[in-house]
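A.B. asks: Below is one structure. I have some questions about it.
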Amino acid sequence: MPTPDYRTALALTLTTLRNTTHTSIRDLSDTTDIPEHTLRSYEKATTHPTLPRLLAIATAYGTTPFTLLLTTAEYLTRAHGLPPIPHTTPDPTRQHLHALLLYCGLTPPEIPHYDP
């Protein structure tokens, strides 16, 4: 389960993306079949999307779930005073792994213990 810090970073990612694309909650709900109140809860960091819902959201914006996860990971690692994942892990597969581990509840300082 993602940490409260992660939920906040993901909320920032989702809100920023929605605002920069000028997409309303209603339009996103219609496109993804995710209820409006659920989308709002993601943006308020009270809940987080499952991976299938994250896929639906990413698809609605014409991107990938890993793009959303990597953006979220960047917010989170910077909040911990660490460099973004691409600066410490040049391999894209490992970048995706690290972003997924953060989604699963690890904190940035814990990542090296799982992928030395």
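All residue names refer to the structure tokens as shown: chains lettered A, B, ... in order, residues numbered from 1 in each chain, ligands numbered from 1 in order.
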Using only C-alpha atoms, which residues sit within 8 Å of Leu68 of chain A once same-chain residues fewer than 6 positions away are excluded, as an NGL selection string?
C.D. replies: :A and (10 or 13-14 or 58)
A.B. asks: Hey, what's within 9 Å of segment 76-85 of chain A if we count only C-alpha atoms and toss same-chain stuff fewer than 6 positions away? As an mmCIF file with C-alpha atoms, in the first residue's frame, please?
C.D. replies:
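Printed below is selection-v1.cif as written:
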```
data_model
loop_
_atom_site.group_PDB
_atom_site.id
_atom_site.type_symbol
_atom_site.label_atom_id
_atom_site.label_comp_id
_atom_site.auth_asym_id
_atom_site.auth_seq_id
_atom_site.Cartn_x
_atom_site.Cartn_y
_atom_site.Cartn_z
ATOM 1 C CA ASP A 5 3.665 10.791 1.042
ATOM 2 C CA TYR A 6 3.249 8.705 -2.090
ATOM 3 C CA THR A 8 0.198 13.072 -1.999
ATOM 4 C CA ALA A 9 2.797 12.922 -4.778
ATOM 5 C CA LEU A 10 0.442 10.892 -6.981
ATOM 6 C CA LEU A 70 7.872 8.032 -12.840
ATOM 7 C CA GLN A 95 13.544 3.119 -13.432
ATOM 8 C CA HIS A 98 11.818 1.673 -8.778
ATOM 9 C CA ALA A 99 8.670 3.634 -9.650
ATOM 10 C CA LEU A 102 7.358 3.198 -4.627
ATOM 11 C CA THR A 107 10.052 4.804 0.492
ATOM 12 C CA PRO A 108 12.892 6.238 -1.597
ATOM 13 C CA PRO A 109 15.563 5.430 1.021
#
```
A.B. asks: Output as an MDAnalysis selection string all residues of chain A that backbone DSSP marks as helix (DSSP H, G or I).
C.D. replies: chainID A and resid 4:20 25:32 36:43 51:60 65:79 85:88 92:103 108:114
A.B. asks: Could you save those same residues with C-alpha atoms as a PDB file, in the first residue's frame?
C.D. replies:
```pdb
ATOM      1  CA  PRO A   4       0.746   8.936   2.664  1.00  0.00           C
ATOM      2  CA  ASP A   5       3.665  10.791   1.042  1.00  0.00           C
ATOM      3  CA  TYR A   6       3.249   8.705  -2.090  1.00  0.00           C
ATOM      4  CA  ARG A   7      -0.498   9.339  -2.248  1.00  0.00           C
ATOM      5  CA  THR A   8       0.198  13.072  -1.999  1.00  0.00           C
ATOM      6  CA  ALA A   9       2.797  12.922  -4.778  1.00  0.00           C
ATOM      7  CA  LEU A  10       0.442  10.892  -6.981  1.00  0.00           C
ATOM      8  CA  ALA A  11      -2.362  13.365  -6.272  1.00  0.00           C
ATOM      9  CA  LEU A  12      -0.065  16.168  -7.432  1.00  0.00           C
ATOM     10  CA  THR A  13       0.803  14.228 -10.594  1.00  0.00           C
ATOM     11  CA  LEU A  14      -2.844  13.570 -11.443  1.00  0.00           C
ATOM     12  CA  THR A  15      -4.063  17.083 -10.619  1.00  0.00           C
ATOM     13  CA  THR A  16      -1.263  18.726 -12.581  1.00  0.00           C
ATOM     14  CA  LEU A  17      -1.913  16.523 -15.603  1.00  0.00           C
ATOM     15  CA  ARG A  18      -5.647  17.178 -15.526  1.00  0.00           C
ATOM     16  CA  ASN A  19      -5.152  20.925 -15.183  1.00  0.00           C
ATOM     17  CA  THR A  20      -2.503  21.189 -17.906  1.00  0.00           C
ATOM     18  CA  ILE A  25     -13.338  15.630 -13.677  1.00  0.00           C
ATOM     19  CA  ARG A  26     -16.586  14.859 -15.490  1.00  0.00           C
ATOM     20  CA  ASP A  27     -14.840  14.397 -18.833  1.00  0.00           C
ATOM     21  CA  LEU A  28     -12.179  12.195 -17.277  1.00  0.00           C
ATOM     22  CA  SER A  29     -14.869  10.171 -15.542  1.00  0.00           C
ATOM     23  CA  ASP A  30     -16.752   9.713 -18.817  1.00  0.00           C
ATOM     24  CA  THR A  31     -13.588   8.634 -20.613  1.00  0.00           C
ATOM     25  CA  THR A  32     -12.316   6.243 -17.934  1.00  0.00           C
ATOM     26  CA  GLU A  36     -16.156  11.408 -10.359  1.00  0.00           C
ATOM     27  CA  HIS A  37     -16.014  11.073  -6.565  1.00  0.00           C
ATOM     28  CA  THR A  38     -13.321   8.415  -6.920  1.00  0.00           C
ATOM     29  CA  LEU A  39     -11.226  10.612  -9.203  1.00  0.00           C
ATOM     30  CA  ARG A  40     -11.584  13.461  -6.699  1.00  0.00           C
ATOM     31  CA  SER A  41     -10.400  11.159  -3.905  1.00  0.00           C
ATOM     32  CA  TYR A  42      -7.265  10.398  -5.938  1.00  0.00           C
ATOM     33  CA  GLU A  43      -6.588  14.116  -6.377  1.00  0.00           C
ATOM     34  CA  LEU A  51      -3.074  -0.299 -11.468  1.00  0.00           C
ATOM     35  CA  PRO A  52      -6.010  -1.021 -13.846  1.00  0.00           C
ATOM     36  CA  ARG A  53      -7.501   2.380 -12.996  1.00  0.00           C
ATOM     37  CA  LEU A  54      -4.124   4.043 -13.351  1.00  0.00           C
ATOM     38  CA  LEU A  55      -3.939   2.451 -16.812  1.00  0.00           C
ATOM     39  CA  ALA A  56      -7.376   3.874 -17.679  1.00  0.00           C
ATOM     40  CA  ILE A  57      -6.316   7.339 -16.519  1.00  0.00           C
ATOM     41  CA  ALA A  58      -3.020   7.182 -18.398  1.00  0.00           C
ATOM     42  CA  THR A  59      -4.767   5.986 -21.548  1.00  0.00           C
ATOM     43  CA  ALA A  60      -7.266   8.851 -21.312  1.00  0.00           C
ATOM     44  CA  PRO A  65       1.032   4.272 -16.406  1.00  0.00           C
ATOM     45  CA  PHE A  66       4.823   4.245 -16.054  1.00  0.00           C
ATOM     46  CA  THR A  67       4.987   7.878 -17.133  1.00  0.00           C
ATOM     47  CA  LEU A  68       2.593   8.721 -14.298  1.00  0.00           C
ATOM     48  CA  LEU A  69       4.515   6.533 -11.854  1.00  0.00           C
ATOM     49  CA  LEU A  70       7.872   8.032 -12.840  1.00  0.00           C
ATOM     50  CA  THR A  71       6.556  11.585 -12.489  1.00  0.00           C
ATOM     51  CA  THR A  72       5.185  10.679  -9.069  1.00  0.00           C
ATOM     52  CA  ALA A  73       8.492   9.057  -8.132  1.00  0.00           C
ATOM     53  CA  GLU A  74      10.328  12.236  -9.096  1.00  0.00           C
ATOM     54  CA  TYR A  75       8.118  14.341  -6.801  1.00  0.00           C
ATOM     55  CA  LEU A  76       8.620  11.844  -4.003  1.00  0.00           C
ATOM     56  CA  THR A  77      12.384  11.446  -4.308  1.00  0.00           C
ATOM     57  CA  ARG A  78      12.865  15.222  -4.428  1.00  0.00           C
ATOM     58  CA  ALA A  79      10.701  15.570  -1.315  1.00  0.00           C
ATOM     59  CA  ILE A  85      15.325   8.199 -10.414  1.00  0.00           C
ATOM     60  CA  PRO A  86      16.665   8.832 -13.968  1.00  0.00           C
ATOM     61  CA  HIS A  87      19.731  10.529 -12.455  1.00  0.00           C
ATOM     62  CA  THR A  88      20.548   7.566 -10.213  1.00  0.00           C
ATOM     63  CA  PRO A  92      14.744   2.399 -18.074  1.00  0.00           C
ATOM     64  CA  THR A  93      13.688  -1.058 -16.846  1.00  0.00           C
ATOM     65  CA  ARG A  94      15.138  -0.347 -13.416  1.00  0.00           C
ATOM     66  CA  GLN A  95      13.544   3.119 -13.432  1.00  0.00           C
ATOM     67  CA  HIS A  96      10.171   1.458 -13.961  1.00  0.00           C
ATOM     68  CA  LEU A  97      10.928  -1.080 -11.247  1.00  0.00           C
ATOM     69  CA  HIS A  98      11.818   1.673  -8.778  1.00  0.00           C
ATOM     70  CA  ALA A  99       8.670   3.634  -9.650  1.00  0.00           C
ATOM     71  CA  LEU A 100       6.587   0.491  -9.163  1.00  0.00           C
ATOM     72  CA  LEU A 101       8.256  -0.302  -5.833  1.00  0.00           C
ATOM     73  CA  LEU A 102       7.358   3.198  -4.627  1.00  0.00           C
ATOM     74  CA  TYR A 103       3.762   2.650  -5.770  1.00  0.00           C
ATOM     75  CA  PRO A 108      12.892   6.238  -1.597  1.00  0.00           C
ATOM     76  CA  PRO A 109      15.563   5.430   1.021  1.00  0.00           C
ATOM     77  CA  GLU A 110      14.394   1.767   1.014  1.00  0.00           C
ATOM     78  CA  ILE A 111      14.822   1.232  -2.741  1.00  0.00           C
ATOM     79  CA  PRO A 112      18.556   0.378  -2.613  1.00  0.00           C
ATOM     80  CA  HIS A 113      17.791  -2.488  -0.218  1.00  0.00           C
ATOM     81  CA  TYR A 114      15.561  -4.119  -2.857  1.00  0.00           C
TER      82      TYR A 114
END
```
A.B. asks: Rounded to one decimal in Å, what is the spacing between atom CA of Asp115 of chain A and atom CA of Thr89 of chain A?
C.D. replies: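 So the answer is 10.4 Å.
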A.B. asks: Calculate how many Å separate atom CA of Cys104 of chain A from atom CA of His48 of chain A, rounding to one decimal.
C.D. replies: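 According to the coordinates, atom CA of Cys104 of chain A and atom CA of His48 of chain A are separated by 10.9 Å.
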